[in-house]
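Read through the structure below, which is laid out as structure tokens, and then see the notes.
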Amino acid sequence: MTDFSINSKEEYIKVEDETHLVRDARSGAIVNTNTTAYDRAVARSKAAQEQRDGLRNATREINNIKCEMHEIKSLLQQLVSKE
């Protein structure tokens, strides 16, 4: 777990009743300081991307096999028609 670094009290203001939220004093943005939750979200995103990549690769393999089967079928038809 990585700790969120707050450089000075002037830059970030604690959000009331929220332990992991601070407000950036310059931009007004709310910042989540819970790095564990962030790390989990990044890991979920990476796992989802890997799953999509796996599905994409499987689809490509299936399409390649279909093309090869079509080619084999055509060659067999040519062989049968020559006889």
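We name chains A, B, ... following the order of the structure tokens; residues begin at 1 in each chain, and ligands are numbered from 1 as shown.
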
Mind listing the strand (DSSP E or B) residues of chain A, per DSSP on the backbone, as a PyMOL selection string? chain A and resi 12-14+21-24+30-32

Keeping only N, CA and C atoms, take the residues you just selected and write them out as a PDB file, in the first residue's frame.
```
ATOM      1  N   TYR A  12      -4.402  20.899   0.480  1.00  0.00           N
ATOM      2  CA  TYR A  12      -5.513  19.950   0.592  1.00  0.00           C
ATOM      3  C   TYR A  12      -6.292  20.204   1.879  1.00  0.00           C
ATOM      4  N   ILE A  13      -7.617  20.108   1.751  1.00  0.00           N
ATOM      5  CA  ILE A  13      -8.495  20.314   2.895  1.00  0.00           C
ATOM      6  C   ILE A  13      -9.275  19.019   3.100  1.00  0.00           C
ATOM      7  N   LYS A  14      -9.272  18.497   4.334  1.00  0.00           N
ATOM      8  CA  LYS A  14     -10.006  17.263   4.624  1.00  0.00           C
ATOM      9  C   LYS A  14     -11.493  17.472   4.355  1.00  0.00           C
ATOM     10  N   LEU A  21     -11.012  11.227   1.654  1.00  0.00           N
ATOM     11  CA  LEU A  21     -11.238  12.274   0.664  1.00  0.00           C
ATOM     12  C   LEU A  21     -10.689  13.599   1.159  1.00  0.00           C
ATOM     13  N   VAL A  22     -10.020  14.298   0.242  1.00  0.00           N
ATOM     14  CA  VAL A  22      -9.538  15.656   0.505  1.00  0.00           C
ATOM     15  C   VAL A  22      -9.915  16.527  -0.683  1.00  0.00           C
ATOM     16  N   ARG A  23      -9.989  17.827  -0.449  1.00  0.00           N
ATOM     17  CA  ARG A  23     -10.283  18.765  -1.524  1.00  0.00           C
ATOM     18  C   ARG A  23      -9.005  19.532  -1.867  1.00  0.00           C
ATOM     19  N   ASP A  24      -8.698  19.593  -3.163  1.00  0.00           N
ATOM     20  CA  ASP A  24      -7.559  20.380  -3.636  1.00  0.00           C
ATOM     21  C   ASP A  24      -7.964  21.846  -3.531  1.00  0.00           C
ATOM     22  N   ILE A  30     -12.147  17.046  -5.667  1.00  0.00           N
ATOM     23  CA  ILE A  30     -12.114  16.075  -4.573  1.00  0.00           C
ATOM     24  C   ILE A  30     -11.136  14.974  -4.980  1.00  0.00           C
ATOM     25  N   VAL A  31     -10.214  14.635  -4.088  1.00  0.00           N
ATOM     26  CA  VAL A  31      -9.188  13.636  -4.355  1.00  0.00           C
ATOM     27  C   VAL A  31      -9.357  12.486  -3.370  1.00  0.00           C
ATOM     28  N   ASN A  32      -9.414  11.268  -3.902  1.00  0.00           N
ATOM     29  CA  ASN A  32      -9.502  10.081  -3.053  1.00  0.00           C
ATOM     30  C   ASN A  32      -8.077   9.666  -2.685  1.00  0.00           C
TER      31      ASN A  32
END
```

Extract, using only C-alpha atoms, all DNA, RNA and protein residues at most 8 Å from Asn34 (chain A), discarding same-chain residues fewer than 2 positions from it, and format them as number ranges by chain. A: 4, 20-21, 32, 36-38

Put those residues in a file: C-alpha atoms, as an mmCIF file, in the first residue's frame.
```cif
data_model
loop_
_atom_site.group_PDB
_atom_site.id
_atom_site.type_symbol
_atom_site.label_atom_id
_atom_site.label_comp_id
_atom_site.auth_asym_id
_atom_site.auth_seq_id
_atom_site.Cartn_x
_atom_site.Cartn_y
_atom_site.Cartn_z
ATOM 1 C CA PHE A 4 -0.922 9.462 -0.279
ATOM 2 C CA HIS A 20 -10.106 9.098 2.393
ATOM 3 C CA LEU A 21 -11.238 12.274 0.664
ATOM 4 C CA ASN A 32 -9.502 10.081 -3.053
ATOM 5 C CA THR A 36 -5.563 0.524 -1.692
ATOM 6 C CA ALA A 37 -8.903 1.073 -3.439
ATOM 7 C CA TYR A 38 -7.078 2.673 -6.356
#
```
